[in-house]
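Visitor: Please read through the structure below; I'll follow up with questions.
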Amino acid sequence: YEEFVSPLFARVQELLSENKGGLQAKVRVEDGDPEKKICSICEKEKFSTLIMARRKRAEENLIAGTVLNGILSHHLDASVYIIGEEGFPVGKNPAARIVVGIDGSSAALGAVREATLVLTRASEDVEKVSLVNVRDPSCFFDDSGTNCKKASDDGYQYLKEAEELLIKEGVNGSKIVTMLLFGRPGETLTDYAQSFKATMCYIGCRNRSQIAKVLLGSVSGDIVQRCRKTTVVLVS
């Protein structure tokens, strides 16, 4: 404890103190199963945000991976920030380049609202905010083209709604870009976030308990697995 934990907490407090307002963290050390303890604290004390670090794949052991996946399998009201393997770019605000996945669901709009919390505080440091809707490419195989047009129209409507919400919350409209892409949602959104050089990627989760099946193919789970270098934010 004295060699590792105590110095680590001290450094965390230093970083918080450097922030505007000089935040003071409540330090606690708990014994027991990490997954159960973290989830229990979040639920009982009604925390709105949970921040988890992710080790580089080469350094990740079975226990570390199990704890993260186990926590994601719980239905927590808290938004979960999974910090990318390489952290945030040096000298750049974490909110500098944000991607938000948009699919027309209330969960996606929740992700937009969550993103505004950091975007409005870092307004001067924000470079771009990209709203992305990914459509199923199967419509291209419809000879009439009707399904493809409807999918595109729906996608553009979802993006417009999300953009209006950002602007209403005070985000500079000139910094917002909207993208309609076709492909597999998890793979396509991850590839776009990497090419966009996103500092954070926000995703709305309709049912986080399904993510445990990393998991087995949910869009959120797919992005968590693929988007390892970028910080991923899961919003219920």
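In the structure tokens, the first chain shown is A, the next is B, and so on; residue numbers restart at 1 for each chain, and ligands run from 1 in the order shown.
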Would you return as a ChimeraX atom specification the members of chain A that DSSP assigns to helix (DSSP H, G or I) on this structure's backbone?
Guide: /A:5-18,34-44,62-73,106-119,123-125,137-141,146-168,173-175,185-196,208-213,219-226
Visitor: Please identify all polymer residues within 10 Å of region 185-194 of chain A, counting only C-alpha atoms, omitting same-chain residues fewer than 4 positions from it, and present them as JSON, numbers by chain.
Guide: {"A": [97, 98, 99, 100, 101, 103, 130, 132, 133, 134, 135, 136, 179, 181, 198, 199, 200, 201, 217, 218, 219, 220, 221, 222, 223, 224, 225, 226, 227, 228, 229, 230]}
Visitor: Keeping only N, CA, C and O atoms, write the selected residues as a CSV table (one decimal), in the first residue's frame.
Guide:
chain,number,residue,atom,x,y,z
A,97,ARG,N,-11.7,16.4,-30.0
A,97,ARG,CA,-12.3,15.8,-31.2
A,97,ARG,C,-13.2,14.6,-30.7
A,97,ARG,O,-12.7,13.5,-30.4
A,98,ILE,N,-14.5,14.9,-30.6
A,98,ILE,CA,-15.5,13.9,-30.1
A,98,ILE,C,-16.3,13.3,-31.2
A,98,ILE,O,-16.8,14.0,-32.1
A,99,VAL,N,-16.5,12.0,-31.2
A,99,VAL,CA,-17.4,11.3,-32.1
A,99,VAL,C,-18.6,10.8,-31.3
A,99,VAL,O,-18.4,10.2,-30.2
A,100,VAL,N,-19.8,11.0,-31.8
A,100,VAL,CA,-21.0,10.4,-31.1
A,100,VAL,C,-21.8,9.5,-32.1
A,100,VAL,O,-22.1,10.0,-33.2
A,101,GLY,N,-22.0,8.3,-31.7
A,101,GLY,CA,-22.8,7.4,-32.6
A,101,GLY,C,-24.3,7.7,-32.4
A,101,GLY,O,-24.8,7.8,-31.3
A,103,ASP,N,-28.2,6.6,-33.6
A,103,ASP,CA,-29.0,5.6,-34.3
A,103,ASP,C,-30.5,5.9,-34.2
A,103,ASP,O,-31.3,5.0,-34.5
A,130,SER,N,-18.2,15.2,-34.3
A,130,SER,CA,-18.7,14.4,-35.4
A,130,SER,C,-19.8,13.5,-35.0
A,130,SER,O,-19.7,12.7,-34.1
A,132,VAL,N,-22.3,10.6,-36.1
A,132,VAL,CA,-22.2,9.5,-37.1
A,132,VAL,C,-23.3,8.6,-37.0
A,132,VAL,O,-23.6,8.0,-35.9
A,133,ASN,N,-24.0,8.4,-38.2
A,133,ASN,CA,-25.0,7.3,-38.3
A,133,ASN,C,-24.6,6.3,-39.3
A,133,ASN,O,-24.2,6.6,-40.4
A,134,VAL,N,-24.6,5.0,-38.9
A,134,VAL,CA,-24.2,3.9,-39.7
A,134,VAL,C,-25.4,3.1,-40.1
A,134,VAL,O,-26.1,2.6,-39.3
A,135,ARG,N,-25.6,2.9,-41.4
A,135,ARG,CA,-26.7,2.2,-42.0
A,135,ARG,C,-26.3,0.9,-42.5
A,135,ARG,O,-25.2,0.7,-43.0
A,136,ASP,N,-27.2,-0.1,-42.5
A,136,ASP,CA,-27.0,-1.4,-43.0
A,136,ASP,C,-26.9,-1.4,-44.5
A,136,ASP,O,-27.7,-0.8,-45.2
A,179,MET,N,-22.1,12.7,-40.4
A,179,MET,CA,-21.7,11.7,-41.3
A,179,MET,C,-22.7,10.6,-41.4
A,179,MET,O,-23.1,10.0,-40.4
A,181,LEU,N,-22.8,6.9,-42.9
A,181,LEU,CA,-22.0,5.9,-43.4
A,181,LEU,C,-22.7,4.5,-43.6
A,181,LEU,O,-23.7,4.3,-42.9
A,198,ALA,N,-10.3,10.7,-33.1
A,198,ALA,CA,-11.1,11.1,-32.0
A,198,ALA,C,-10.4,11.0,-30.7
A,198,ALA,O,-9.7,10.0,-30.4
A,199,THR,N,-10.7,11.9,-29.8
A,199,THR,CA,-10.2,11.8,-28.4
A,199,THR,C,-11.2,11.0,-27.5
A,199,THR,O,-10.8,10.4,-26.6
A,200,MET,N,-12.5,11.1,-27.9
A,200,MET,CA,-13.5,10.3,-27.2
A,200,MET,C,-14.6,9.9,-28.2
A,200,MET,O,-14.9,10.6,-29.1
A,201,CYS,N,-15.2,8.7,-27.9
A,201,CYS,CA,-16.3,8.2,-28.8
A,201,CYS,C,-17.4,7.9,-27.8
A,201,CYS,O,-17.3,7.0,-27.0
A,217,GLY,N,-21.5,-9.7,-29.9
A,217,GLY,CA,-21.9,-9.0,-31.2
A,217,GLY,C,-22.7,-7.7,-31.1
A,217,GLY,O,-23.1,-7.2,-32.1
A,218,SER,N,-23.0,-7.3,-29.8
A,218,SER,CA,-23.7,-6.0,-29.7
A,218,SER,C,-22.8,-4.9,-30.3
A,218,SER,O,-21.6,-5.0,-30.3
A,219,VAL,N,-23.4,-3.8,-30.8
A,219,VAL,CA,-22.6,-2.7,-31.4
A,219,VAL,C,-21.7,-2.1,-30.3
A,219,VAL,O,-20.5,-1.9,-30.6
A,220,SER,N,-22.3,-1.9,-29.1
A,220,SER,CA,-21.5,-1.3,-28.0
A,220,SER,C,-20.3,-2.2,-27.7
A,220,SER,O,-19.2,-1.8,-27.5
A,221,GLY,N,-20.6,-3.5,-27.6
A,221,GLY,CA,-19.5,-4.4,-27.2
A,221,GLY,C,-18.5,-4.5,-28.3
A,221,GLY,O,-17.3,-4.6,-28.0
A,222,ASP,N,-18.9,-4.5,-29.6
A,222,ASP,CA,-18.0,-4.5,-30.7
A,222,ASP,C,-17.0,-3.3,-30.6
A,222,ASP,O,-15.8,-3.4,-30.9
A,223,ILE,N,-17.6,-2.1,-30.4
A,223,ILE,CA,-16.8,-0.9,-30.3
A,223,ILE,C,-15.8,-1.0,-29.1
A,223,ILE,O,-14.6,-0.6,-29.2
A,224,VAL,N,-16.3,-1.5,-28.0
A,224,VAL,CA,-15.4,-1.6,-26.8
A,224,VAL,C,-14.2,-2.5,-27.1
A,224,VAL,O,-13.0,-2.2,-26.8
A,225,GLN,N,-14.4,-3.5,-27.9
A,225,GLN,CA,-13.4,-4.5,-28.2
A,225,GLN,C,-12.4,-3.9,-29.3
A,225,GLN,O,-11.2,-4.1,-29.2
A,226,ARG,N,-13.0,-3.2,-30.3
A,226,ARG,CA,-12.2,-2.7,-31.4
A,226,ARG,C,-11.5,-1.4,-31.1
A,226,ARG,O,-10.4,-1.2,-31.5
A,227,CYS,N,-12.2,-0.5,-30.4
A,227,CYS,CA,-11.7,0.9,-30.3
A,227,CYS,C,-10.9,1.0,-29.0
A,227,CYS,O,-11.2,1.6,-28.0
A,228,ARG,N,-9.7,0.3,-29.0
A,228,ARG,CA,-8.9,0.2,-27.8
A,228,ARG,C,-8.1,1.4,-27.5
A,228,ARG,O,-7.8,1.8,-26.3
A,229,LYS,N,-7.6,2.1,-28.5
A,229,LYS,CA,-6.7,3.3,-28.3
A,229,LYS,C,-7.5,4.6,-28.0
A,229,LYS,O,-6.9,5.5,-27.4
A,230,THR,N,-8.8,4.6,-28.4
A,230,THR,CA,-9.6,5.8,-28.1
A,230,THR,C,-10.5,5.6,-26.9
A,230,THR,O,-10.9,4.5,-26.7
Visitor: Could you name the residues that touch region 149-163 of chain A at 12 Å or less, counting only C-alpha atoms, but leaving out those on the same chain fewer than 4 positions away, as a PyMOL selection string?
Guide: chain A and resi 100-113+115-116+129-140+142-145+167-182
Visitor: Show which residues sit within 7 Å of Ile83 (chain A), as a list in words. Count only C-alpha atoms, and ignore same-chain residues fewer than 3 positions away.
Guide: Met52, Ala53, Arg54, Gly87, Thr231 and Val232 of chain A
Visitor: Could you dump the residues just selected with N, CA, C and O atoms as a short mmCIF file (atom, residue, chain, number, x, y, z; two decimals), in the first residue's frame?
Guide:
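Heads up, here's the output in out-v7.cif:
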data_model
loop_
_atom_site.label_atom_id
_atom_site.label_comp_id
_atom_site.auth_asym_id
_atom_site.auth_seq_id
_atom_site.Cartn_x
_atom_site.Cartn_y
_atom_site.Cartn_z
N MET A 52 -12.88 3.99 -15.93
CA MET A 52 -12.06 2.80 -15.87
C MET A 52 -10.86 2.93 -16.82
O MET A 52 -11.02 3.40 -17.95
N ALA A 53 -9.70 2.50 -16.36
CA ALA A 53 -8.52 2.49 -17.23
C ALA A 53 -8.49 1.18 -18.00
O ALA A 53 -9.00 0.17 -17.54
N ARG A 54 -7.90 1.23 -19.19
CA ARG A 54 -7.73 0.01 -19.97
C ARG A 54 -6.24 -0.18 -20.25
O ARG A 54 -5.59 0.71 -20.78
N GLY A 87 -4.23 6.67 -23.36
CA GLY A 87 -4.70 7.87 -22.68
C GLY A 87 -5.12 8.94 -23.69
O GLY A 87 -5.54 8.63 -24.80
N THR A 231 -10.66 6.63 -26.11
CA THR A 231 -11.55 6.54 -24.96
C THR A 231 -12.99 6.36 -25.42
O THR A 231 -13.49 7.14 -26.24
N VAL A 232 -13.65 5.32 -24.91
CA VAL A 232 -15.04 5.02 -25.27
C VAL A 232 -15.92 5.34 -24.06
O VAL A 232 -15.61 4.98 -22.93
#
Visitor: So how many Å separate CA of Cys205 (chain A) and CA of Asn93 (chain A), to one decimal?
Guide: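 Atom-to-atom, CA of Cys205 (chain A) and CA of Asn93 (chain A) are spaced 25.0 Å apart.
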Visitor: Rounded to one decimal, what separation in Å do you get between CA of Leu68 (chain A) and CA of Val233 (chain A)?
Guide: 13.3 Å
Visitor: Could you pull the residues within 7 Å of Glu35 (chain A), counting only C-alpha atoms, minus those fewer than 6 positions along the same chain, as a PDB file with N, CA, C and O atoms, in the first residue's frame?
Guide:
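Output file around_29.pdb is given in full below:
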ATOM      1  N   VAL A  67     -12.478  -8.079 -14.958  1.00  0.00           N
ATOM      2  CA  VAL A  67     -13.076  -7.011 -14.147  1.00  0.00           C
ATOM      3  C   VAL A  67     -13.814  -6.022 -15.037  1.00  0.00           C
ATOM      4  O   VAL A  67     -14.971  -5.670 -14.772  1.00  0.00           O
ATOM      5  N   GLY A  70     -16.820  -7.650 -16.579  1.00  0.00           N
ATOM      6  CA  GLY A  70     -17.821  -7.912 -15.556  1.00  0.00           C
ATOM      7  C   GLY A  70     -18.597  -6.658 -15.192  1.00  0.00           C
ATOM      8  O   GLY A  70     -19.820  -6.691 -15.028  1.00  0.00           O
ATOM      9  N   ILE A  71     -17.896  -5.545 -15.070  1.00  0.00           N
ATOM     10  CA  ILE A  71     -18.558  -4.279 -14.748  1.00  0.00           C
ATOM     11  C   ILE A  71     -19.499  -3.867 -15.876  1.00  0.00           C
ATOM     12  O   ILE A  71     -20.614  -3.394 -15.642  1.00  0.00           O
TER      13      ILE A  71
END
Visitor: Figure out the distance between CA of Glu43 (chain A) and CA of Val80 (chain A), please, to one decimal in Å.
Guide: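 So the answer is 12.9 Å.
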Visitor: Would you please work out which residue, of A:Asp125, A:Asp77, A:Glu2, A:Glu14, is nearest to Gly91 (chain A) when using only C-alpha atoms?
Guide: A:Asp125
Visitor: Have a look at A:Phe196, A:His74, A:Phe88, A:Pro7 and name the one nearest to Lys128 (chain A); count only C-alpha atoms.
Guide: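 Ranking A:Phe196, A:His74, A:Phe88, A:Pro7 by distance to Lys128 (chain A), first place goes to A:Phe196.
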Visitor: Would you list, as a VMD selection string, the residues of chain A that end up in strand (DSSP E) under DSSP run on this structure's backbone?
Guide: chain A and resid 49 to 53 79 to 83 97 to 101 128 to 135 176 to 182 200 to 204 231 to 235
